[in-house]
>>> print(open('coords.pdb').read())   # PDB, C-alpha atoms, pLDDT in the B column
ATOM      1  CA  MET Y  26      57.354 198.565 101.989  1.00 38.00           C
ATOM      2  CA  ILE Y  27      56.987 195.296 103.940  1.00 37.00           C
ATOM      3  CA  SER Y  28      60.602 194.297 103.263  1.00 38.00           C
ATOM      4  CA  SER Y  29      61.738 197.757 104.451  1.00 35.00           C
ATOM      5  CA  LEU Y  30      59.708 197.331 107.629  1.00 33.00           C
ATOM      6  CA  ARG Y  31      61.182 193.861 108.213  1.00 36.00           C
ATOM      7  CA  ARG Y  32      64.687 195.227 107.637  1.00 35.00           C
ATOM      8  CA  LEU Y  33      64.111 198.067 110.136  1.00 34.00           C
ATOM      9  CA  THR Y  34      62.663 195.639 112.684  1.00 37.00           C
ATOM     10  CA  ALA Y  35      65.643 193.308 112.271  1.00 36.00           C
ATOM     11  CA  MET Y  36      68.069 196.223 112.627  1.00 36.00           C
ATOM     12  CA  ALA Y  37      66.350 197.413 115.803  1.00 43.00           C
ATOM     13  CA  ALA Y  38      66.492 193.903 117.275  1.00 42.00           C
ATOM     14  CA  ALA Y  39      70.177 193.612 116.387  1.00 41.00           C
ATOM     15  CA  GLU Y  40      70.886 196.893 118.187  1.00 61.00           C
ATOM     16  CA  GLU Y  41      69.129 195.866 121.410  1.00 83.00           C
ATOM     17  CA  GLY Y  42      71.404 195.712 124.391  1.00 93.00           C
ATOM     18  CA  PRO Y  43      71.494 192.878 126.904  1.00 94.00           C
ATOM     19  CA  VAL Y  44      69.090 194.551 129.352  1.00 94.00           C
ATOM     20  CA  ALA Y  45      66.533 195.235 126.602  1.00 95.00           C
ATOM     21  CA  ARG Y  46      66.768 191.595 125.495  1.00 96.00           C
ATOM     22  CA  VAL Y  47      66.154 190.350 129.048  1.00 97.00           C
ATOM     23  CA  ILE Y  48      63.198 192.703 129.485  1.00 97.00           C
ATOM     24  CA  THR Y  49      61.736 191.578 126.151  1.00 97.00           C
ATOM     25  CA  GLN Y  50      62.094 187.894 126.990  1.00 98.00           C
ATOM     26  CA  LYS Y  51      60.658 188.212 130.492  1.00 98.00           C
ATOM     27  CA  LEU Y  52      57.624 190.142 129.240  1.00 98.00           C
ATOM     28  CA  LYS Y  53      57.065 187.598 126.425  1.00 98.00           C
ATOM     29  CA  ASP Y  54      57.316 184.672 128.839  1.00 98.00           C
ATOM     30  CA  ARG Y  55      55.065 186.243 131.485  1.00 98.00           C
ATOM     31  CA  PHE Y  56      52.313 187.861 129.407  1.00 98.00           C
ATOM     32  CA  LYS Y  57      52.335 186.050 126.014  1.00 98.00           C
ATOM     33  CA  PRO Y  58      51.562 189.446 124.462  1.00 98.00           C
ATOM     34  CA  ALA Y  59      49.641 190.080 121.263  1.00 97.00           C
ATOM     35  CA  HIS Y  60      52.039 193.003 120.803  1.00 97.00           C
ATOM     36  CA  LEU Y  61      55.237 193.985 122.596  1.00 97.00           C
ATOM     37  CA  SER Y  62      57.697 196.780 122.052  1.00 95.00           C
ATOM     38  CA  VAL Y  63      60.658 197.575 124.261  1.00 96.00           C
ATOM     39  CA  ALA Y  64      62.627 200.750 123.641  1.00 92.00           C
ATOM     40  CA  CYS Y  65      65.709 201.882 125.505  1.00 90.00           C
ATOM     41  CA  GLU Y  66      65.370 205.629 125.964  1.00 88.00           C
ATOM     42  CA  SER Y  67      68.612 206.136 127.858  1.00 81.00           C
ATOM     43  CA  HIS Y  68      70.068 208.133 124.969  1.00 80.00           C
ATOM     44  CA  MET Y  69      67.496 210.825 125.823  1.00 82.00           C
ATOM     45  CA  HIS Y  70      68.917 211.232 129.314  1.00 79.00           C
ATOM     46  CA  ASN Y  71      72.102 212.365 130.981  1.00 76.00           C
ATOM     47  CA  VAL Y  72      73.673 208.910 131.315  1.00 77.00           C
ATOM     48  CA  PRO Y  73      76.864 207.362 129.928  1.00 74.00           C
ATOM     49  CA  ARG Y  74      76.782 206.361 126.263  1.00 81.00           C
ATOM     50  CA  GLY Y  75      75.501 202.812 125.860  1.00 78.00           C
ATOM     51  CA  ALA Y  76      73.753 202.799 129.249  1.00 80.00           C
ATOM     52  CA  GLU Y  77      70.515 200.834 129.496  1.00 88.00           C
ATOM     53  CA  MET Y  78      68.706 202.532 132.349  1.00 87.00           C
ATOM     54  CA  HIS Y  79      65.551 204.159 130.901  1.00 87.00           C
ATOM     55  CA  PHE Y  80      62.958 202.064 129.059  1.00 92.00           C
ATOM     56  CA  LEU Y  81      59.562 202.397 127.457  1.00 94.00           C
ATOM     57  CA  VAL Y  82      57.555 199.192 127.163  1.00 95.00           C
ATOM     58  CA  GLN Y  83      54.257 198.702 125.397  1.00 95.00           C
ATOM     59  CA  VAL Y  84      52.630 195.403 126.306  1.00 96.00           C
ATOM     60  CA  VAL Y  85      49.298 194.324 124.836  1.00 96.00           C
ATOM     61  CA  ALA Y  86      47.981 191.219 126.553  1.00 96.00           C
ATOM     62  CA  ASP Y  87      44.794 189.390 127.483  1.00 96.00           C
ATOM     63  CA  GLU Y  88      45.893 189.361 131.128  1.00 93.00           C
ATOM     64  CA  PHE Y  89      45.226 193.098 131.367  1.00 91.00           C
ATOM     65  CA  GLU Y  90      41.521 192.593 130.596  1.00 90.00           C
ATOM     66  CA  GLY Y  91      39.480 193.794 133.554  1.00 86.00           C
ATOM     67  CA  LYS Y  92      42.538 195.286 135.239  1.00 83.00           C
ATOM     68  CA  THR Y  93      42.402 198.994 135.831  1.00 74.00           C
ATOM     69  CA  VAL Y  94      44.979 201.623 135.080  1.00 70.00           C
ATOM     70  CA  LEU Y  95      43.973 203.400 138.268  1.00 64.00           C
ATOM     71  CA  GLN Y  96      41.825 202.241 141.151  1.00 57.00           C
ATOM     72  CA  LEU Y  97      40.807 204.368 144.067  1.00 53.00           C
ATOM     73  CA  GLY Y  98      41.247 201.494 146.492  1.00 50.00           C
ATOM     74  CA  PRO Y  99      44.381 199.953 147.970  1.00 47.00           C
ATOM     75  CA  THR Y 100      45.676 198.702 144.600  1.00 49.00           C
ATOM     76  CA  LEU Y 101      46.911 201.504 142.366  1.00 48.00           C
ATOM     77  CA  PHE Y 102      47.957 201.012 138.775  1.00 80.00           C
ATOM     78  CA  GLU Y 103      47.068 197.321 138.634  1.00 88.00           C
ATOM     79  CA  ARG Y 104      48.443 196.742 135.107  1.00 90.00           C
ATOM     80  CA  HIS Y 105      51.658 198.585 135.919  1.00 89.00           C
ATOM     81  CA  ARG Y 106      52.074 196.573 139.100  1.00 90.00           C
ATOM     82  CA  LEU Y 107      51.999 193.337 137.095  1.00 93.00           C
ATOM     83  CA  VAL Y 108      54.716 194.601 134.747  1.00 95.00           C
ATOM     84  CA  ASN Y 109      56.805 195.954 137.639  1.00 95.00           C
ATOM     85  CA  GLU Y 110      56.559 192.587 139.416  1.00 96.00           C
ATOM     86  CA  CYS Y 111      57.710 190.813 136.254  1.00 97.00           C
ATOM     87  CA  LEU Y 112      60.743 193.112 135.974  1.00 97.00           C
ATOM     88  CA  ALA Y 113      61.487 193.482 139.701  1.00 97.00           C
ATOM     89  CA  GLN Y 114      65.049 192.169 139.400  1.00 97.00           C
ATOM     90  CA  GLU Y 115      65.907 194.586 136.576  1.00 96.00           C
ATOM     91  CA  LEU Y 116      64.417 197.484 138.546  1.00 95.00           C
ATOM     92  CA  ARG Y 117      66.580 196.539 141.540  1.00 95.00           C
ATOM     93  CA  GLU Y 118      69.726 196.057 139.463  1.00 94.00           C
ATOM     94  CA  GLY Y 119      70.074 199.126 137.299  1.00 90.00           C
ATOM     95  CA  VAL Y 120      66.910 200.028 135.399  1.00 92.00           C
ATOM     96  CA  HIS Y 121      66.272 203.546 136.666  1.00 88.00           C
ATOM     97  CA  ALA Y 122      63.064 204.370 134.789  1.00 89.00           C
ATOM     98  CA  LEU Y 123      60.373 202.194 133.248  1.00 92.00           C
ATOM     99  CA  ARG Y 124      57.581 203.870 131.328  1.00 92.00           C
ATOM    100  CA  ILE Y 125      54.752 201.364 130.917  1.00 92.00           C
ATOM    101  CA  ASP Y 126      51.945 201.291 128.382  1.00 92.00           C
ATOM    102  CA  ALA Y 127      49.985 198.170 129.396  1.00 91.00           C
ATOM    103  CA  VAL Y 128      46.918 197.664 127.232  1.00 91.00           C
ATOM    104  CA  PRO Y 129      44.236 194.949 127.222  1.00 92.00           C
ATOM    105  CA  THR Y 130      44.131 193.164 123.857  1.00 95.00           C
ATOM    106  CA  SER Y 131      40.509 194.205 123.286  1.00 94.00           C
ATOM    107  CA  LYS Y 132      41.383 197.901 123.733  1.00 91.00           C
ATOM    108  CA  TRP Y 133      44.489 198.072 121.550  1.00 93.00           C
ATOM    109  CA  THR Y 134      44.046 200.075 118.361  1.00 93.00           C
ATOM    110  CA  GLY Y 135      47.555 199.516 117.017  1.00 93.00           C
ATOM    111  CA  GLU Y 136      48.818 202.928 117.995  1.00 88.00           C
ATOM    112  CA  PRO Y 137      52.324 203.341 119.413  1.00 86.00           C
ATOM    113  CA  PRO Y 138      52.684 204.834 122.890  1.00 83.00           C
ATOM    114  CA  ILE Y 139      52.728 208.602 123.273  1.00 81.00           C
ATOM    115  CA  GLU Y 140      56.196 210.034 122.714  1.00 79.00           C
ATOM    116  CA  SER Y 141      58.260 210.374 125.888  1.00 77.00           C
ATOM    117  CA  PRO Y 142      58.943 213.847 127.218  1.00 74.00           C
ATOM    118  CA  LYS Y 143      62.408 215.305 126.849  1.00 74.00           C
ATOM    119  CA  CYS Y 144      64.724 214.849 129.818  1.00 70.00           C
ATOM    120  CA  LEU Y 145      65.271 217.966 131.920  1.00 62.00           C
ATOM    121  CA  GLY Y 146      67.577 216.388 134.468  1.00 65.00           C
ATOM    122  CA  GLY Y 147      71.327 216.462 134.871  1.00 56.00           C
ATOM    123  CA  SER Y 148      73.226 218.816 132.597  1.00 52.00           C
ATOM    124  CA  LYS Y 149      70.426 218.971 129.995  1.00 47.00           C
ATOM    125  CA  LYS Y 150      68.369 221.609 131.878  1.00 44.00           C
TER     126      LYS Y 150
END
>>> encode(input="coords.pdb", output="structure tokens")
Amino acid sequence: MISSLRRLTAMAAAEEGPVARVITQKLKDRFKPAHLSVACESHMHNVPRGAEMHFLVQVVADEFEGKTVLQLGPTLFERHRLVNECLAQELREGVHALRIDAVPTSKWTGEPPIESPKCLGGSKK
């Protein structure tokens, strides 16, 4: 079972595109995460084959401790803001959608993020 899991993980890493690799490296460098997953979800959308425009990231890091998901003050989505700041260049240069699951290390239970909804845009309505 473990060797199968390692093989699947290696295959997924080998299939990552250049944008996914940059996102992964930037998040690793910035947050030193206990857990990180980056998934390109562009294939679920009406974009050209091979496009890297829609991503789901799950980042589990100590830096999110004490940071809220939602505040009612001037700072909304504090954890998301940190991730968006880290990936600002990618968001300016072609990443169209970034779904963020930012979890404090102490709150992570090992569960994957909730499955993304199906795309209803473009010709897939």
>>> atom_distance(input="coords.pdb", atom1="CA of Met78 in chain Y", atom2="CA of Ile125 in chain Y")
14.1 Å
>>> resolve_selection(input="coords.pdb", expression="the PyMOL selection byres ((chain Y and resi 87) around 6)", output="number ranges by chain")
Y: 86, 88-90, 129-130
>>> resolve_selection(input="coords.pdb", expression="the PyMOL selection byres ((chain Y and resi 64) around 8)", output="number ranges by chain")
Y: 45, 62-63, 65-66, 80-82
>>> resolve_selection(input="coords.pdb", expression="the PyMOL selection byres ((chain Y and resi 77) around 9)", output="NGL selection string")
:Y and (42-45 or 65-68 or 72 or 74-76 or 78-80 or 119-121)
>>> atom_distance(input="coords.pdb", atom1="CA of Val94 in chain Y", atom2="CA of Val47 in chain Y")
24.7 Å
>>> closest_residue(input="coords.pdb", among="Y:Val85, Y:Ile139, Y:Ile48, Y:Ala122", to="His70 in chain Y", atoms="all atoms listed in the file")
Y:Ala122
>>> atom_distance(input="coords.pdb", atom1="CA of Arg46 in chain Y", atom2="CA of Lys132 in chain Y")
26.2 Å
>>> closest_residue(input="coords.pdb", among="Y:Gln83, Y:Thr93, Y:Lys51, Y:Glu41", to="Gln114 in chain Y", atoms="all atoms listed in the file")
Y:Lys51
>>> residues_around(input="coords.pdb", residues="Asn109 in chain Y", least_positions_apart="4", cutoff="9 Å", atoms="all atoms listed in the file", output="number ranges by chain")
Y: 104-105, 113, 116, 123, 125
>>> closest_residue(input="coords.pdb", among="Y:Glu140, Y:Phe56, Y:Arg106, Y:Ser131", to="Met69 in chain Y", atoms="all atoms listed in the file")
Y:Glu140
